[in-house]
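For reference, the structure discussed in these notes is given below.
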Amino acid sequence: GMKLLSEAIQHAPALRSISFAYFDFTDDSLKILSEAIRHAPELQSISIGSNITGNGMKPLSEAIRFAPALQSISLICSDLTDNGMELLSEAIRFSAVLQNISLDFLRLITVDGMKLLSEAIRHAPA
C-alpha cells in the first residue's frame, strides 16, 4: 500500500499537503514515504502523527532537508525520543521557509531534546 501511495506522490509534482494523522507507520513504510517526499518539490505541509520513532525519524529528517517549499511539520502523538528530536533539529537547520512545527503530546522528549530543537530554531536560515 505505501509503495503505491509513494509512487502516486512522486507523480504529483503540484502536491502541497500530506496528512497521515494516526496512521500506523512502520520504519519501512516511513522510509518509503520519505523517499516520495524528496520528489515533491511543492510540498508545503506534512502531518504525520502517531508511531514515529527515532528510527523512523532518520529518513523523514533527510526528506525534510530536501523539501524546499516545506512550511509546516506536524508530528503530534509520536514516540520520538531525544535522538529523534536531534534528527529533526538537524533537518530544520536547512529549511529557509519552515514556519510551523507541531509537536503536541511527545511524552518521551526530555529537556535535552527540547534544547536541541530550540537551538536549531534559533539558528535556522531566515
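Numbering starts fresh at 1 for the residues of each chain in the C-alpha cells, the chains themselves are lettered A, B, ... in the order given, and ligands are numbered from 1 as they appear.
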9 Å contact set for segment 114-121 of chain A, only C-alpha atoms, chain neighbours under 5 positions out, as JSON, numbers by chain: {"A": [82, 85, 86, 88, 89, 90, 91, 92, 93, 109]}
DSSP-assigned helix (DSSP H, G or I) among segment 5-121 of chain A, expressed as number ranges by chain: A: 5-10, 27-37, 54-65, 82-92, 111-121
Å distance separating atom CA of Ile52 of chain A from atom CA of Asp79 of chain A, one decimal place: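 Interatomic distance, atom CA of Ile52 of chain A to atom CA of Asp79 of chain A: 5.5 Å.
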Let's see if you can do this: from backbone DSSP, list all strand (DSSP E) residues in segment 23-126 of chain A, as a compact mmCIF listing (two decimals) with N, CA, C and O atoms, in the first residue's frame.
```txt
# COMPACT_ATOMS: atom_id res chain seq x y z
N SER A 45 3.28 21.16 3.46
CA SER A 45 2.80 20.72 4.77
C SER A 45 2.85 19.20 4.89
O SER A 45 2.37 18.49 4.01
N ILE A 46 3.44 18.73 6.00
CA ILE A 46 3.47 17.31 6.32
C ILE A 46 2.87 17.14 7.70
O ILE A 46 3.32 17.77 8.66
N SER A 47 1.85 16.31 7.81
CA SER A 47 1.24 15.99 9.10
C SER A 47 1.30 14.48 9.28
O SER A 47 0.59 13.75 8.60
N ILE A 48 2.19 14.05 10.15
CA ILE A 48 2.37 12.63 10.39
C ILE A 48 2.33 12.42 11.89
O ILE A 48 3.24 12.81 12.61
N SER A 72 5.38 23.65 7.03
CA SER A 72 4.73 23.16 8.23
C SER A 72 4.99 21.66 8.43
O SER A 72 4.86 20.88 7.50
N ILE A 73 5.37 21.30 9.67
CA ILE A 73 5.58 19.90 10.05
C ILE A 73 4.76 19.64 11.30
O ILE A 73 4.85 20.38 12.27
N SER A 74 3.97 18.56 11.29
CA SER A 74 3.23 18.14 12.47
C SER A 74 3.58 16.69 12.78
O SER A 74 3.38 15.81 11.94
N ASN A 100 6.01 26.51 10.79
CA ASN A 100 5.22 25.87 11.85
C ASN A 100 5.75 24.47 12.15
O ASN A 100 5.96 23.68 11.23
N ILE A 101 5.91 24.19 13.44
CA ILE A 101 6.28 22.85 13.89
C ILE A 101 5.30 22.49 15.01
O ILE A 101 5.25 23.18 16.02
N SER A 102 4.54 21.42 14.82
CA SER A 102 3.60 20.95 15.85
C SER A 102 4.13 19.66 16.44
O SER A 102 4.30 18.68 15.73
```
Residue with smallest distance to Gln44 of chain A - pool A:Ala8, A:Val97, A:Leu30, A:Ala63, counting only C-alpha atoms: A:Val97
Give me, as a tab-separated table (two decimals) with all heavy atoms, in the first residue's frame, all polymer residues having an atom no more than 10 Å from Ser34 of chain A, counting only C-alpha atoms and skipping those fewer than 5 positions away in the same chain.
```tsv
chain	number	residue	atom	x	y	z
A	6	SER	N	3.39	6.06	-2.48
A	6	SER	CA	4.65	6.74	-2.72
A	6	SER	C	4.82	7.06	-4.21
A	6	SER	O	5.23	8.16	-4.58
A	6	SER	CB	5.81	5.88	-2.23
A	6	SER	OG	7.04	6.46	-2.56
A	28	ASP	N	9.85	0.94	7.92
A	28	ASP	CA	9.96	0.73	6.48
A	28	ASP	C	8.97	1.58	5.69
A	28	ASP	O	9.33	2.16	4.66
A	28	ASP	CB	9.74	-0.76	6.13
A	28	ASP	CG	10.91	-1.62	6.54
A	28	ASP	OD1	12.03	-1.10	6.73
A	28	ASP	OD2	10.71	-2.84	6.69
A	29	SER	N	7.73	1.68	6.16
A	29	SER	CA	6.75	2.49	5.42
A	29	SER	C	7.10	3.97	5.50
A	29	SER	O	6.90	4.71	4.53
A	29	SER	CB	5.32	2.23	5.92
A	29	SER	OG	5.15	2.63	7.26
A	39	HIS	N	10.70	13.88	-3.63
A	39	HIS	CA	10.36	14.12	-5.03
A	39	HIS	C	9.08	14.95	-5.16
A	39	HIS	O	8.42	14.90	-6.20
A	39	HIS	CB	10.20	12.79	-5.77
A	39	HIS	CG	11.45	11.98	-5.78
A	39	HIS	ND1	12.52	12.28	-6.59
A	39	HIS	CD2	11.83	10.91	-5.04
A	39	HIS	CE1	13.50	11.42	-6.37
A	39	HIS	NE2	13.11	10.58	-5.43
A	56	GLY	N	12.44	5.81	12.62
A	56	GLY	CA	11.64	6.33	11.52
A	56	GLY	C	11.93	7.79	11.23
A	56	GLY	O	11.70	8.28	10.13
A	57	MET	N	12.44	8.49	12.22
A	57	MET	CA	12.73	9.91	12.04
A	57	MET	C	13.94	10.13	11.14
A	57	MET	O	14.04	11.15	10.49
A	57	MET	CB	12.96	10.55	13.41
A	57	MET	CG	12.93	12.05	13.39
A	57	MET	SD	11.34	12.66	12.83
A	57	MET	CE	11.86	14.18	12.09
A	58	LYS	N	14.84	9.16	11.07
A	58	LYS	CA	16.04	9.34	10.26
A	58	LYS	C	15.71	9.58	8.78
A	58	LYS	O	16.12	10.60	8.23
A	58	LYS	CB	16.98	8.15	10.42
A	58	LYS	CG	18.30	8.35	9.67
A	58	LYS	CD	19.31	7.32	10.06
A	58	LYS	CE	20.59	7.42	9.31
A	58	LYS	NZ	21.25	8.70	9.28
A	59	PRO	N	14.95	8.70	8.11
A	59	PRO	CA	14.63	9.01	6.71
A	59	PRO	C	13.74	10.24	6.55
A	59	PRO	O	13.87	10.99	5.59
A	59	PRO	CB	13.92	7.74	6.21
A	59	PRO	CG	13.49	7.01	7.42
A	59	PRO	CD	14.43	7.40	8.51
A	60	LEU	N	12.85	10.47	7.51
A	60	LEU	CA	11.99	11.65	7.42
A	60	LEU	C	12.81	12.93	7.55
A	60	LEU	O	12.59	13.89	6.81
A	60	LEU	CB	10.90	11.61	8.50
A	60	LEU	CG	9.90	12.75	8.46
A	60	LEU	CD1	9.17	12.80	7.12
A	60	LEU	CD2	8.91	12.61	9.60
A	61	SER	N	13.78	12.94	8.44
A	61	SER	CA	14.60	14.15	8.59
A	61	SER	C	15.42	14.41	7.34
A	61	SER	O	15.61	15.56	6.95
A	61	SER	CB	15.52	14.03	9.82
A	61	SER	OG	16.50	13.04	9.65
A	62	GLU	N	15.88	13.36	6.69
A	62	GLU	CA	16.60	13.53	5.43
A	62	GLU	C	15.68	14.10	4.35
A	62	GLU	O	16.09	14.95	3.56
A	62	GLU	CB	17.22	12.21	5.00
A	62	GLU	CG	18.36	11.79	5.92
A	62	GLU	CD	18.86	10.38	5.67
A	62	GLU	OE1	18.39	9.72	4.71
A	62	GLU	OE2	19.73	9.93	6.44
A	63	ALA	N	14.44	13.65	4.33
A	63	ALA	CA	13.48	14.17	3.35
A	63	ALA	C	13.19	15.64	3.61
A	63	ALA	O	13.06	16.44	2.67
A	63	ALA	CB	12.19	13.35	3.39
A	64	ILE	N	13.08	16.02	4.87
A	64	ILE	CA	12.81	17.42	5.23
A	64	ILE	C	13.91	18.33	4.70
A	64	ILE	O	13.65	19.43	4.22
A	64	ILE	CB	12.64	17.56	6.76
A	64	ILE	CG1	11.34	16.89	7.21
A	64	ILE	CG2	12.66	19.03	7.19
A	64	ILE	CD1	11.22	16.72	8.72
```
Distance criterion (only C-alpha atoms): nearest to Ala69 of chain A out of A:Ile37, A:Leu87, A:Thr81, A:Asn55: A:Ile37
Closest of A:Ala40, A:Arg107, A:Phe23, A:Glu35 to His11 of chain A - atom-to-atom distances counting only C-alpha atoms: A:Ala40
Straight-line distance linking atom CA of Pro41 of chain A with atom CA of Arg65 of chain A, stated in Å to one decimal: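 Distance between the two atoms: 11.6 Å.
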Residue neighbourhood Lys3 of chain A, 10 Å, only C-alpha atoms, exclusion window fewer than 6 positions, as an MDAnalysis selection string: chainID A and resid 9 29 32:33 36
Minimum-distance residue to Ser19 of chain A, chosen among A:Leu70, A:Leu80, A:Leu75, A:Glu42 (using only C-alpha atoms):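 Ranking A:Leu70, A:Leu80, A:Leu75, A:Glu42 by distance to Ser19 of chain A, first place goes to A:Leu75.
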